[in-house]
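Asks: Input structure: structure-v6.pdb, which contains PDB, C-alpha atoms and all ligand atoms.
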```pdb
ATOM      1  CA  MET A   1     -41.498  69.105 168.353  1.00  0.00           C
ATOM      2  CA  LYS A   2     -40.242  72.666 167.900  1.00  0.00           C
ATOM      3  CA  LYS A   3     -37.077  72.955 165.892  1.00  0.00           C
ATOM      4  CA  ASN A   4     -34.469  75.640 166.516  1.00  0.00           C
ATOM      5  CA  TYR A   5     -32.232  77.080 163.832  1.00  0.00           C
ATOM      6  CA  VAL A   6     -29.529  79.735 163.552  1.00  0.00           C
ATOM      7  CA  THR A   7     -29.287  82.223 160.697  1.00  0.00           C
ATOM      8  CA  GLU A   8     -28.035  85.687 159.877  1.00  0.00           C
ATOM      9  CA  ALA A   9     -30.748  88.138 158.844  1.00  0.00           C
ATOM     10  CA  ILE A  10     -31.218  91.820 158.022  1.00  0.00           C
ATOM     11  CA  ASN A  11     -34.343  93.613 159.301  1.00  0.00           C
ATOM     12  CA  LEU A  12     -36.482  95.158 156.585  1.00  0.00           C
ATOM     13  CA  LYS A  13     -39.693  96.048 158.414  1.00  0.00           C
ATOM     14  CA  ASN A  14     -41.331  95.655 161.798  1.00  0.00           C
ATOM     15  CA  TYR A  15     -44.850  96.189 163.071  1.00  0.00           C
ATOM     16  CA  PRO A  16     -46.732  95.543 166.321  1.00  0.00           C
ATOM     17  CA  LEU A  17     -48.430  92.195 166.901  1.00  0.00           C
ATOM     18  CA  ASN A  18     -49.945  93.120 170.288  1.00  0.00           C
ATOM     19  CA  ASP A  19     -49.107  95.256 173.348  1.00  0.00           C
ATOM     20  CA  ASN A  20     -45.812  93.467 174.019  1.00  0.00           C
ATOM     21  CA  ASP A  21     -44.685  91.765 170.848  1.00  0.00           C
ATOM     22  CA  SER A  22     -43.716  92.771 167.321  1.00  0.00           C
ATOM     23  CA  ILE A  23     -43.374  91.011 164.007  1.00  0.00           C
ATOM     24  CA  VAL A  24     -40.112  91.512 162.164  1.00  0.00           C
ATOM     25  CA  VAL A  25     -39.753  90.960 158.430  1.00  0.00           C
ATOM     26  CA  MET A  26     -36.178  90.025 157.583  1.00  0.00           C
ATOM     27  CA  PHE A  27     -34.078  88.713 154.767  1.00  0.00           C
ATOM     28  CA  SER A  28     -32.147  85.721 156.052  1.00  0.00           C
ATOM     29  CA  LYS A  29     -29.050  84.081 154.677  1.00  0.00           C
ATOM     30  CA  ASN A  30     -30.513  80.555 154.803  1.00  0.00           C
ATOM     31  CA  LYS A  31     -34.225  80.972 154.146  1.00  0.00           C
ATOM     32  CA  GLY A  32     -34.668  84.187 152.177  1.00  0.00           C
ATOM     33  CA  LEU A  33     -37.524  86.455 153.235  1.00  0.00           C
ATOM     34  CA  ILE A  34     -38.940  85.468 156.650  1.00  0.00           C
ATOM     35  CA  SER A  35     -41.212  86.942 159.310  1.00  0.00           C
ATOM     36  CA  ALA A  36     -40.772  86.170 162.992  1.00  0.00           C
ATOM     37  CA  VAL A  37     -42.253  87.203 166.318  1.00  0.00           C
ATOM     38  CA  ALA A  38     -40.038  89.242 168.662  1.00  0.00           C
ATOM     39  CA  LYS A  39     -41.479  88.791 172.147  1.00  0.00           C
ATOM     40  CA  GLY A  40     -41.548  91.444 174.860  1.00  0.00           C
ATOM     41  CA  VAL A  41     -39.892  94.115 172.718  1.00  0.00           C
ATOM     42  CA  LYS A  42     -42.323  96.819 173.830  1.00  0.00           C
ATOM     43  CA  ARG A  43     -41.120  96.515 177.422  1.00  0.00           C
ATOM     44  CA  PRO A  44     -38.658  99.293 178.335  1.00  0.00           C
ATOM     45  CA  LYS A  45     -35.879  96.942 179.385  1.00  0.00           C
ATOM     46  CA  SER A  46     -36.100  94.627 176.383  1.00  0.00           C
ATOM     47  CA  LYS A  47     -32.678  93.932 174.873  1.00  0.00           C
ATOM     48  CA  LEU A  48     -34.313  92.536 171.765  1.00  0.00           C
ATOM     49  CA  GLY A  49     -36.124  95.850 171.144  1.00  0.00           C
ATOM     50  CA  ALA A  50     -32.987  97.606 169.903  1.00  0.00           C
ATOM     51  CA  ARG A  51     -32.039  94.676 167.681  1.00  0.00           C
ATOM     52  CA  ILE A  52     -35.252  94.617 165.659  1.00  0.00           C
ATOM     53  CA  GLN A  53     -34.880  98.155 164.284  1.00  0.00           C
ATOM     54  CA  MET A  54     -34.747  98.532 160.523  1.00  0.00           C
ATOM     55  CA  PHE A  55     -31.557  97.675 158.574  1.00  0.00           C
ATOM     56  CA  ILE A  56     -29.796  95.958 161.496  1.00  0.00           C
ATOM     57  CA  ALA A  57     -28.042  92.677 160.672  1.00  0.00           C
ATOM     58  CA  ASN A  58     -28.279  90.082 163.450  1.00  0.00           C
ATOM     59  CA  LYS A  59     -27.213  86.552 164.105  1.00  0.00           C
ATOM     60  CA  LEU A  60     -30.421  84.925 165.320  1.00  0.00           C
ATOM     61  CA  LEU A  61     -31.586  81.836 167.099  1.00  0.00           C
ATOM     62  CA  LEU A  62     -35.125  81.117 165.930  1.00  0.00           C
ATOM     63  CA  SER A  63     -37.626  78.470 166.870  1.00  0.00           C
ATOM     64  CA  GLU A  64     -40.057  77.225 164.274  1.00  0.00           C
ATOM     65  CA  GLY A  65     -43.740  77.758 164.908  1.00  0.00           C
ATOM     66  CA  ARG A  66     -46.859  76.511 163.155  1.00  0.00           C
ATOM     67  CA  ASN A  67     -47.462  79.860 161.469  1.00  0.00           C
ATOM     68  CA  LEU A  68     -44.656  82.139 162.535  1.00  0.00           C
ATOM     69  CA  ASP A  69     -41.165  81.506 163.886  1.00  0.00           C
ATOM     70  CA  THR A  70     -40.076  83.181 167.123  1.00  0.00           C
ATOM     71  CA  ILE A  71     -36.794  84.982 167.768  1.00  0.00           C
ATOM     72  CA  GLY A  72     -35.045  83.419 170.754  1.00  0.00           C
ATOM     73  CA  GLU A  73     -31.752  85.268 170.792  1.00  0.00           C
ATOM     74  CA  ALA A  74     -30.309  88.052 168.661  1.00  0.00           C
ATOM     75  CA  GLN A  75     -26.732  89.193 168.474  1.00  0.00           C
ATOM     76  CA  SER A  76     -26.172  92.258 166.317  1.00  0.00           C
ATOM     77  CA  LEU A  77     -23.544  91.919 163.589  1.00  0.00           C
ATOM     78  CA  ASN A  78     -23.809  95.366 162.024  1.00  0.00           C
ATOM     79  CA  THR A  79     -26.147  98.253 162.862  1.00  0.00           C
ATOM     80  CA  PHE A  80     -25.140 100.329 159.786  1.00  0.00           C
ATOM     81  CA  SER A  81     -25.608 103.296 162.134  1.00  0.00           C
ATOM     82  CA  LYS A  82     -24.498 105.959 159.635  1.00  0.00           C
ATOM     83  CA  ILE A  83     -27.593 105.222 157.546  1.00  0.00           C
ATOM     84  CA  ARG A  84     -29.727 106.835 160.264  1.00  0.00           C
ATOM     85  CA  SER A  85     -27.823 110.120 160.320  1.00  0.00           C
ATOM     86  CA  ASN A  86     -28.791 111.215 156.827  1.00  0.00           C
ATOM     87  CA  LEU A  87     -32.270 111.559 155.316  1.00  0.00           C
ATOM     88  CA  ASP A  88     -31.157 110.544 151.796  1.00  0.00           C
ATOM     89  CA  LYS A  89     -29.414 107.435 153.114  1.00  0.00           C
ATOM     90  CA  LEU A  90     -32.474 106.595 155.176  1.00  0.00           C
ATOM     91  CA  SER A  91     -34.964 107.023 152.340  1.00  0.00           C
ATOM     92  CA  TYR A  92     -32.941 105.067 149.785  1.00  0.00           C
ATOM     93  CA  SER A  93     -32.317 102.317 152.360  1.00  0.00           C
ATOM     94  CA  MET A  94     -36.075 102.102 152.887  1.00  0.00           C
ATOM     95  CA  TYR A  95     -36.486 101.893 149.128  1.00  0.00           C
ATOM     96  CA  LEU A  96     -34.061  98.919 149.014  1.00  0.00           C
ATOM     97  CA  ALA A  97     -36.044  97.220 151.788  1.00  0.00           C
ATOM     98  CA  GLU A  98     -39.246  97.761 149.828  1.00  0.00           C
ATOM     99  CA  CYS A  99     -37.664  96.259 146.680  1.00  0.00           C
ATOM    100  CA  ILE A 100     -36.675  93.147 148.629  1.00  0.00           C
ATOM    101  CA  ASN A 101     -40.179  92.864 150.077  1.00  0.00           C
ATOM    102  CA  ASN A 102     -41.757  93.182 146.636  1.00  0.00           C
ATOM    103  CA  PHE A 103     -39.398  90.866 144.777  1.00  0.00           C
ATOM    104  CA  CYS A 104     -38.391  88.201 147.258  1.00  0.00           C
ATOM    105  CA  SER A 105     -41.811  86.775 148.021  1.00  0.00           C
ATOM    106  CA  ASN A 106     -42.362  83.219 146.738  1.00  0.00           C
ATOM    107  CA  GLN A 107     -43.682  84.532 143.478  1.00  0.00           C
ATOM    108  CA  TYR A 108     -40.341  85.906 142.349  1.00  0.00           C
ATOM    109  CA  ASN A 109     -37.777  83.976 144.321  1.00  0.00           C
ATOM    110  CA  LYS A 110     -37.470  80.308 145.133  1.00  0.00           C
ATOM    111  CA  ASP A 111     -34.784  80.804 147.784  1.00  0.00           C
ATOM    112  CA  GLU A 112     -32.233  79.163 145.515  1.00  0.00           C
ATOM    113  CA  ASN A 113     -29.838  82.029 145.982  1.00  0.00           C
ATOM    114  CA  SER A 114     -30.779  83.590 149.307  1.00  0.00           C
ATOM    115  CA  GLU A 115     -27.124  83.677 150.379  1.00  0.00           C
ATOM    116  CA  GLU A 116     -26.134  85.761 147.329  1.00  0.00           C
ATOM    117  CA  ILE A 117     -29.060  88.118 147.886  1.00  0.00           C
ATOM    118  CA  TYR A 118     -28.281  88.411 151.618  1.00  0.00           C
ATOM    119  CA  ASP A 119     -24.699  89.354 150.762  1.00  0.00           C
ATOM    120  CA  LEU A 120     -25.966  91.911 148.245  1.00  0.00           C
ATOM    121  CA  ILE A 121     -28.271  93.591 150.807  1.00  0.00           C
ATOM    122  CA  TYR A 122     -25.489  93.551 153.413  1.00  0.00           C
ATOM    123  CA  SER A 123     -23.015  95.075 150.935  1.00  0.00           C
ATOM    124  CA  ALA A 124     -25.528  97.704 149.830  1.00  0.00           C
ATOM    125  CA  TYR A 125     -26.248  98.851 153.417  1.00  0.00           C
ATOM    126  CA  GLU A 126     -22.522  98.839 154.167  1.00  0.00           C
ATOM    127  CA  LYS A 127     -21.848 101.000 151.103  1.00  0.00           C
ATOM    128  CA  MET A 128     -24.836 103.224 151.920  1.00  0.00           C
ATOM    129  CA  ALA A 129     -23.558 103.793 155.476  1.00  0.00           C
ATOM    130  CA  GLN A 130     -20.106 104.760 154.150  1.00  0.00           C
ATOM    131  CA  ALA A 131     -21.315 106.992 151.285  1.00  0.00           C
ATOM    132  CA  ASN A 132     -20.027 110.568 151.344  1.00  0.00           C
ATOM    133  CA  SER A 133     -22.243 112.142 148.695  1.00  0.00           C
ATOM    134  CA  LYS A 134     -25.630 111.767 147.040  1.00  0.00           C
ATOM    135  CA  GLU A 135     -23.800 110.527 143.921  1.00  0.00           C
ATOM    136  CA  GLU A 136     -22.315 107.650 145.932  1.00  0.00           C
ATOM    137  CA  ILE A 137     -25.721 106.846 147.433  1.00  0.00           C
ATOM    138  CA  LEU A 138     -27.371 106.666 144.009  1.00  0.00           C
ATOM    139  CA  LEU A 139     -24.540 104.596 142.513  1.00  0.00           C
ATOM    140  CA  CYS A 140     -24.998 102.122 145.356  1.00  0.00           C
ATOM    141  CA  VAL A 141     -28.780 101.967 144.770  1.00  0.00           C
ATOM    142  CA  LEU A 142     -28.321 101.474 141.016  1.00  0.00           C
ATOM    143  CA  LYS A 143     -25.846  98.632 141.483  1.00  0.00           C
ATOM    144  CA  PHE A 144     -28.241  97.059 143.965  1.00  0.00           C
ATOM    145  CA  GLN A 145     -31.227  97.321 141.602  1.00  0.00           C
ATOM    146  CA  ILE A 146     -29.327  95.823 138.661  1.00  0.00           C
ATOM    147  CA  LYS A 147     -27.667  93.015 140.642  1.00  0.00           C
ATOM    148  CA  LEU A 148     -30.840  92.044 142.497  1.00  0.00           C
ATOM    149  CA  LEU A 149     -32.651  91.632 139.172  1.00  0.00           C
ATOM    150  CA  ASN A 150     -29.739  89.613 137.766  1.00  0.00           C
ATOM    151  CA  PHE A 151     -29.883  87.243 140.776  1.00  0.00           C
ATOM    152  CA  LEU A 152     -33.640  86.808 140.431  1.00  0.00           C
ATOM    153  CA  GLY A 153     -33.532  86.104 136.696  1.00  0.00           C
ATOM    154  CA  TRP A 154     -35.137  89.460 135.743  1.00  0.00           C
ATOM    155  CA  GLY A 155     -31.890  91.101 134.661  1.00  0.00           C
ATOM    156  CA  ILE A 156     -31.883  93.441 131.665  1.00  0.00           C
ATOM    157  CA  ASP A 157     -29.844  92.534 128.583  1.00  0.00           C
ATOM    158  CA  PHE A 158     -28.160  95.849 127.762  1.00  0.00           C
ATOM    159  CA  ASN A 159     -26.517  94.565 124.554  1.00  0.00           C
ATOM    160  CA  THR A 160     -29.157  92.808 122.468  1.00  0.00           C
ATOM    161  CA  CYS A 161     -32.510  93.728 120.928  1.00  0.00           C
ATOM    162  CA  GLY A 162     -35.151  91.714 122.782  1.00  0.00           C
ATOM    163  CA  HIS A 163     -37.162  91.266 119.583  1.00  0.00           C
ATOM    164  CA  CYS A 164     -34.726  90.428 116.735  1.00  0.00           C
ATOM    165  CA  GLN A 165     -31.680  89.573 118.931  1.00  0.00           C
ATOM    166  CA  LYS A 166     -29.376  91.904 116.971  1.00  0.00           C
ATOM    167  CA  ALA A 167     -26.610  93.762 118.800  1.00  0.00           C
ATOM    168  CA  LEU A 168     -27.756  97.228 119.883  1.00  0.00           C
ATOM    169  CA  ASP A 169     -26.084 100.351 118.490  1.00  0.00           C
ATOM    170  CA  GLU A 170     -26.241 104.096 119.300  1.00  0.00           C
ATOM    171  CA  ASN A 171     -29.971 104.170 118.559  1.00  0.00           C
ATOM    172  CA  SER A 172     -31.605 101.981 121.130  1.00  0.00           C
ATOM    173  CA  TYR A 173     -34.939 102.074 122.911  1.00  0.00           C
ATOM    174  CA  PHE A 174     -36.457 100.358 125.903  1.00  0.00           C
ATOM    175  CA  SER A 175     -39.925  98.876 125.671  1.00  0.00           C
ATOM    176  CA  PHE A 176     -41.944  98.696 128.889  1.00  0.00           C
ATOM    177  CA  SER A 177     -44.449  96.352 127.228  1.00  0.00           C
ATOM    178  CA  ILE A 178     -41.931  93.587 126.500  1.00  0.00           C
ATOM    179  CA  ASN A 179     -39.497  94.731 129.244  1.00  0.00           C
ATOM    180  CA  SER A 180     -36.445  94.749 127.041  1.00  0.00           C
ATOM    181  CA  PHE A 181     -34.297  96.859 124.751  1.00  0.00           C
ATOM    182  CA  LEU A 182     -35.233  97.303 121.093  1.00  0.00           C
ATOM    183  CA  CYS A 183     -33.126  98.238 118.086  1.00  0.00           C
ATOM    184  CA  SER A 184     -34.302 101.166 115.944  1.00  0.00           C
ATOM    185  CA  SER A 185     -35.983  98.968 113.303  1.00  0.00           C
ATOM    186  CA  CYS A 186     -37.951  96.927 115.880  1.00  0.00           C
ATOM    187  CA  TYR A 187     -38.867 100.162 117.690  1.00  0.00           C
ATOM    188  CA  LYS A 188     -40.730 101.327 114.558  1.00  0.00           C
ATOM    189  CA  ASN A 189     -43.217  98.475 115.006  1.00  0.00           C
ATOM    190  CA  GLU A 190     -43.560  98.863 118.768  1.00  0.00           C
ATOM    191  CA  THR A 191     -47.048  99.960 119.781  1.00  0.00           C
ATOM    192  CA  GLY A 192     -46.611  99.926 123.590  1.00  0.00           C
ATOM    193  CA  GLU A 193     -44.724 102.402 125.770  1.00  0.00           C
ATOM    194  CA  ALA A 194     -41.066 102.718 124.784  1.00  0.00           C
ATOM    195  CA  VAL A 195     -38.400 105.312 125.506  1.00  0.00           C
ATOM    196  CA  ARG A 196     -35.147 106.236 123.802  1.00  0.00           C
ATOM    197  CA  ILE A 197     -32.154 105.384 125.962  1.00  0.00           C
ATOM    198  CA  HIS A 198     -28.999 107.388 125.359  1.00  0.00           C
ATOM    199  CA  ASN A 199     -26.134 105.144 124.297  1.00  0.00           C
ATOM    200  CA  LYS A 200     -23.883 106.403 127.097  1.00  0.00           C
ATOM    201  CA  ILE A 201     -26.557 105.523 129.672  1.00  0.00           C
ATOM    202  CA  ARG A 202     -26.970 102.028 128.211  1.00  0.00           C
ATOM    203  CA  LEU A 203     -23.194 101.420 128.330  1.00  0.00           C
ATOM    204  CA  PHE A 204     -22.981 102.817 131.878  1.00  0.00           C
ATOM    205  CA  LEU A 205     -25.764 100.529 133.135  1.00  0.00           C
ATOM    206  CA  ASN A 206     -24.163  97.575 131.372  1.00  0.00           C
ATOM    207  CA  GLU A 207     -20.879  98.288 133.137  1.00  0.00           C
ATOM    208  CA  LEU A 208     -22.679  98.349 136.517  1.00  0.00           C
ATOM    209  CA  SER A 209     -24.344  95.064 135.624  1.00  0.00           C
ATOM    210  CA  ILE A 210     -21.094  93.206 134.903  1.00  0.00           C
ATOM    211  CA  CYS A 211     -18.814  94.601 137.600  1.00  0.00           C
ATOM    212  CA  GLU A 212     -18.631  93.227 141.154  1.00  0.00           C
ATOM    213  CA  PHE A 213     -20.546  95.258 143.754  1.00  0.00           C
ATOM    214  CA  PHE A 214     -17.529  96.782 145.504  1.00  0.00           C
ATOM    215  CA  VAL A 215     -15.451  97.245 142.340  1.00  0.00           C
ATOM    216  CA  LYS A 216     -15.153 100.819 141.135  1.00  0.00           C
ATOM    217  CA  THR A 217     -16.107 101.263 137.484  1.00  0.00           C
ATOM    218  CA  LYS A 218     -14.518 103.820 135.165  1.00  0.00           C
ATOM    219  CA  TYR A 219     -17.736 105.852 135.497  1.00  0.00           C
ATOM    220  CA  ASP A 220     -17.901 106.042 139.316  1.00  0.00           C
ATOM    221  CA  ASP A 221     -15.928 109.292 139.671  1.00  0.00           C
ATOM    222  CA  VAL A 222     -17.247 111.104 136.615  1.00  0.00           C
ATOM    223  CA  VAL A 223     -20.965 110.344 136.483  1.00  0.00           C
ATOM    224  CA  ASN A 224     -23.194 113.302 137.466  1.00  0.00           C
ATOM    225  CA  MET A 225     -26.449 113.587 139.406  1.00  0.00           C
ATOM    226  CA  LEU A 226     -28.582 114.181 136.318  1.00  0.00           C
ATOM    227  CA  VAL A 227     -27.496 110.885 134.756  1.00  0.00           C
ATOM    228  CA  LEU A 228     -27.748 109.016 138.057  1.00  0.00           C
ATOM    229  CA  GLU A 229     -31.272 110.260 138.727  1.00  0.00           C
ATOM    230  CA  LYS A 230     -32.353 109.394 135.177  1.00  0.00           C
ATOM    231  CA  CYS A 231     -30.910 105.891 135.574  1.00  0.00           C
ATOM    232  CA  PHE A 232     -32.506 105.431 138.994  1.00  0.00           C
ATOM    233  CA  ASN A 233     -35.938 106.502 137.707  1.00  0.00           C
ATOM    234  CA  PHE A 234     -35.594 104.182 134.712  1.00  0.00           C
ATOM    235  CA  MET A 235     -34.678 101.178 136.877  1.00  0.00           C
ATOM    236  CA  LYS A 236     -37.396 102.037 139.409  1.00  0.00           C
ATOM    237  CA  LYS A 237     -40.006 102.206 136.656  1.00  0.00           C
ATOM    238  CA  TYR A 238     -38.838  98.872 135.194  1.00  0.00           C
ATOM    239  CA  MET A 239     -39.018  97.218 138.637  1.00  0.00           C
ATOM    240  CA  ASP A 240     -42.401  98.724 139.556  1.00  0.00           C
ATOM    241  CA  ASN A 241     -43.639  97.548 136.169  1.00  0.00           C
ATOM    242  CA  LEU A 242     -42.474  93.961 136.780  1.00  0.00           C
ATOM    243  CA  THR A 243     -44.149  93.620 140.177  1.00  0.00           C
ATOM    244  CA  HIS A 244     -47.181  95.755 139.245  1.00  0.00           C
ATOM    245  CA  LYS A 245     -46.529  97.547 142.529  1.00  0.00           C
ATOM    246  CA  LYS A 246     -45.484 101.133 142.823  1.00  0.00           C
ATOM    247  CA  THR A 247     -42.765 101.447 145.457  1.00  0.00           C
ATOM    248  CA  LYS A 248     -44.273 103.864 147.937  1.00  0.00           C
ATOM    249  CA  ILE A 249     -41.381 105.235 149.929  1.00  0.00           C
ATOM    250  CA  PHE A 250     -40.635 108.353 147.878  1.00  0.00           C
ATOM    251  CA  LYS A 251     -44.328 109.239 147.696  1.00  0.00           C
ATOM    252  CA  THR A 252     -44.661 108.878 151.477  1.00  0.00           C
ATOM    253  CA  LEU A 253     -41.644 111.116 152.022  1.00  0.00           C
ATOM    254  CA  GLU A 254     -42.900 113.784 149.604  1.00  0.00           C
ATOM    255  CA  ALA A 255     -46.249 113.758 151.408  1.00  0.00           C
ATOM    256  CA  SER A 256     -44.683 114.049 154.852  1.00  0.00           C
ATOM    257  CA  VAL A 257     -42.560 117.007 153.728  1.00  0.00           C
ATOM    258  CA  SER A 258     -45.449 118.897 152.134  1.00  0.00           C
ATOM    259  CA  VAL A 259     -47.881 118.466 155.070  1.00  0.00           C
TER     260      VAL A 259
HETATM  261 ZN    ZN A 301     -34.486  94.449 116.776  1.00  0.00          ZN
END
```
Can I see the file as structure tokens?
Ligand SMILES: [Zn+2]
Replies:
Amino acid sequence: MKKNYVTEAINLKNYPLNDNDSIVVMFSKNKGLISAVAKGVKRPKSKLGARIQMFIANKLLLSEGRNLDTIGEAQSLNTFSKIRSNLDKLSYSMYLAECINNFCSNQYNKDENSEEIYDLIYSAYEKMAQANSKEEILLCVLKFQIKLLNFLGWGIDFNTCGHCQKALDENSYFSFSINSFLCSSCYKNETGEAVRIHNKIRLFLNELSICEFFVKTKYDDVVNMLVLEKCFNFMKKYMDNLTHKKTKIFKTLEASVSV
């Protein structure tokens, strides 16, 4: 017998299944990452069509299927409409969706904390929609990256050398072969790829890691674009390295601009 269930979910991706129906990939509060069929959404009068667009949060009634669940009803909770009015907001929101897709498959997440992750995605899109500058957008993305990894058990320890466990000082490095920080003496023996991380950057990222998502840190108003972009690229590289997948969104955008 088919079972129905209700959950809240945020749309991360959708693609056509056939002439009438689409498949929506969503992150749900109860079951983590799920895919479901949205029937009849290609028809002009479909109400469901508008609700399966990217980044929309819906309350859904789903019925379980053998392979895929089907969306019965959808009631939108938040459309985060301001994300769509700005290209930076749109591209970074797509990047967040890609991170969730890459990290929240069974391999990395056992759905133990899907509610926490759902709240994080919701908060990040809320913050993204409200952002008034590129600095605010990047701060939001950085907090998201760091907190997502913390929830999934891949968080970075910004205080301790991953090799000898000593407290880090002004001279610290990050090793992409062991995916952790190194003190200067352990760095000397490191043969894989490692980069020097400025002490101020390490302390800034640590502050983002320990503060609540919506809490303003002492850095929020003073940090500049150069530092934010460096931090974003560092976190992106670390995350791409973990999943062995290069997030594609910024490449796709660069390509579409240059064509
Ligand atoms: Zn060490």
Asks: Neighbours of ligand ZN 301 (chain A) within 6 Å, counting only C-alpha atoms and all ligand atoms, as a VMD selection string?
Replies: chain A and resid 161 163 to 164 166 182 to 183 185 to 186
Asks: Considering only C-alpha atoms, can you say which of A:Leu60, A:Leu203, A:Ala167, A:Met26 comes closest to Ala97 of chain A?
Replies: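 So, comparing all the options, the nearest one is A:Met26.
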Asks: Please enumerate the residues selected by the PyMOL selection byres (((chain A and resi 75-88) around 12) and not hetatm) when evaluated against the supplied file, formatted as a PyMOL selection string.
Replies: chain A and resi 6-11+47-62+71-74+89-95+121-138+141+249-250+253+257
Asks: Let me know the residues the PyMOL selection byres (((chain A and resi 158) around 12) and not hetatm) catches in the file above, as a ChimeraX atom specification.
Replies: /A:146,150,155-157,159-162,165-170,172-174,179-183,197-210
Asks: Include C-alpha atoms and write out the residues we just selected as a short mmCIF file (atom, residue, chain, number, x, y, z; two decimals), in the coordinates of the input.
Replies:
```cif
data_model
loop_
_atom_site.label_atom_id
_atom_site.label_comp_id
_atom_site.auth_asym_id
_atom_site.auth_seq_id
_atom_site.Cartn_x
_atom_site.Cartn_y
_atom_site.Cartn_z
CA ILE A 146 -29.33 95.82 138.66
CA ASN A 150 -29.74 89.61 137.77
CA GLY A 155 -31.89 91.10 134.66
CA ILE A 156 -31.88 93.44 131.66
CA ASP A 157 -29.84 92.53 128.58
CA ASN A 159 -26.52 94.56 124.55
CA THR A 160 -29.16 92.81 122.47
CA CYS A 161 -32.51 93.73 120.93
CA GLY A 162 -35.15 91.71 122.78
CA GLN A 165 -31.68 89.57 118.93
CA LYS A 166 -29.38 91.90 116.97
CA ALA A 167 -26.61 93.76 118.80
CA LEU A 168 -27.76 97.23 119.88
CA ASP A 169 -26.08 100.35 118.49
CA GLU A 170 -26.24 104.10 119.30
CA SER A 172 -31.60 101.98 121.13
CA TYR A 173 -34.94 102.07 122.91
CA PHE A 174 -36.46 100.36 125.90
CA ASN A 179 -39.50 94.73 129.24
CA SER A 180 -36.44 94.75 127.04
CA PHE A 181 -34.30 96.86 124.75
CA LEU A 182 -35.23 97.30 121.09
CA CYS A 183 -33.13 98.24 118.09
CA ILE A 197 -32.15 105.38 125.96
CA HIS A 198 -29.00 107.39 125.36
CA ASN A 199 -26.13 105.14 124.30
CA LYS A 200 -23.88 106.40 127.10
CA ILE A 201 -26.56 105.52 129.67
CA ARG A 202 -26.97 102.03 128.21
CA LEU A 203 -23.19 101.42 128.33
CA PHE A 204 -22.98 102.82 131.88
CA LEU A 205 -25.76 100.53 133.14
CA ASN A 206 -24.16 97.58 131.37
CA GLU A 207 -20.88 98.29 133.14
CA LEU A 208 -22.68 98.35 136.52
CA SER A 209 -24.34 95.06 135.62
CA ILE A 210 -21.09 93.21 134.90
#
```
Asks: Figure out the distance between atom CA of Ser35 of chain A and atom CA of Leu139 of chain A, please, to one decimal in Å.
Replies: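 Between these atoms lies a distance of 29.5 Å.
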Asks: As a check of understanding, name the residues that the PyMOL selection byres (((chain A and resi 19) around 10) and not hetatm) selects in the supplied structure, as a list of chain:residue names.
Replies: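 Checking the PyMOL selection byres (((chain A and resi 19) around 10) and not hetatm) against this file, the residues are A:Pro16, A:Leu17, A:Asn18, A:Asn20, A:Asp21, A:Ser22, A:Gly40, A:Val41, A:Lys42, A:Arg43.
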Asks: Quick check, in Å to one decimal: how far apart do atom CA of Tyr5 of chain A and atom CA of Ile23 of chain A lie?
Replies: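 Answer for the atom CA of Tyr5 of chain A to atom CA of Ile23 of chain A separation: 17.8 Å.
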Asks: Between atom CA of Leu142 of chain A and atom CA of Tyr219 of chain A, what is the distance, to one decimal in Å?
Replies: 12.7 Å
Asks: Which one of A:Ile34, A:Cys211, A:Cys99, A:Leu68 sits closest to Lys245 of chain A if you count all atoms listed in the file?
Replies: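 Smallest distance to Lys245 of chain A is found for A:Cys99.
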Asks: So that I can check the surroundings of Trp154 of chain A, please list as a ChimeraX atom specification every protein, DNA and RNA residue that reaches within 10 Å of it, counting only C-alpha atoms and ignoring chain neighbours fewer than 6 positions away.
Replies: /A:108,146-148,179,239,242
Asks: Which polymer residues, whether protein, DNA or RNA, lie within 7 Å of the coordinate (-36.0, 101.4, 130.7) when you count only C-alpha atoms? List them as a PyMOL selection string, using the chain letters and numbers from the file.
Replies: chain A and resi 174-176+195+234-235+238
Asks: Write out, as a CSV table (one decimal), keeping the file's coordinate frame, the residues just selected, with C-alpha atoms.
Replies:
```csv
chain,number,residue,atom,x,y,z
A,174,PHE,CA,-36.5,100.4,125.9
A,175,SER,CA,-39.9,98.9,125.7
A,176,PHE,CA,-41.9,98.7,128.9
A,195,VAL,CA,-38.4,105.3,125.5
A,234,PHE,CA,-35.6,104.2,134.7
A,235,MET,CA,-34.7,101.2,136.9
A,238,TYR,CA,-38.8,98.9,135.2
```
Asks: Let me know the centre plus edge lengths, in Å and rounded to one decimal, of a box with edges along x, y and z that contains all listed atoms of segment 210-219 of chain A and is padded by 4 Å on every side, as AutoDock Vina command-line options.
Replies:
```
--center_x -17.8 --center_y 99.5 --center_z 140.2 --size_x 14.6 --size_y 20.6 --size_z 18.6
```
Asks: Please identify all polymer residues within 9 Å of Leu33 of chain A, counting all atoms listed in the file, omitting same-chain residues fewer than 6 positions from it, and present them as a PyMOL selection string.
Replies: chain A and resi 9+25-27+100-101+104-106+111+114
Asks: Identify which of the residues A:Val215, A:Val24, A:Val223, A:Ile178 lies closest to Glu193 of chain A, counting all atoms listed in the file when measuring atom-to-atom distances.
Replies: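 Going through A:Val215, A:Val24, A:Val223, A:Ile178 one by one, the smallest distance to Glu193 of chain A is for A:Ile178.
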Asks: From the set A:Leu96, A:Ser177, A:Ser63, A:Ala38, which residue has the shortest atom-to-atom contact distance to Leu12 of chain A, counting all atoms listed in the file?
Replies: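 Under the stated criterion, the closest residue is A:Leu96.
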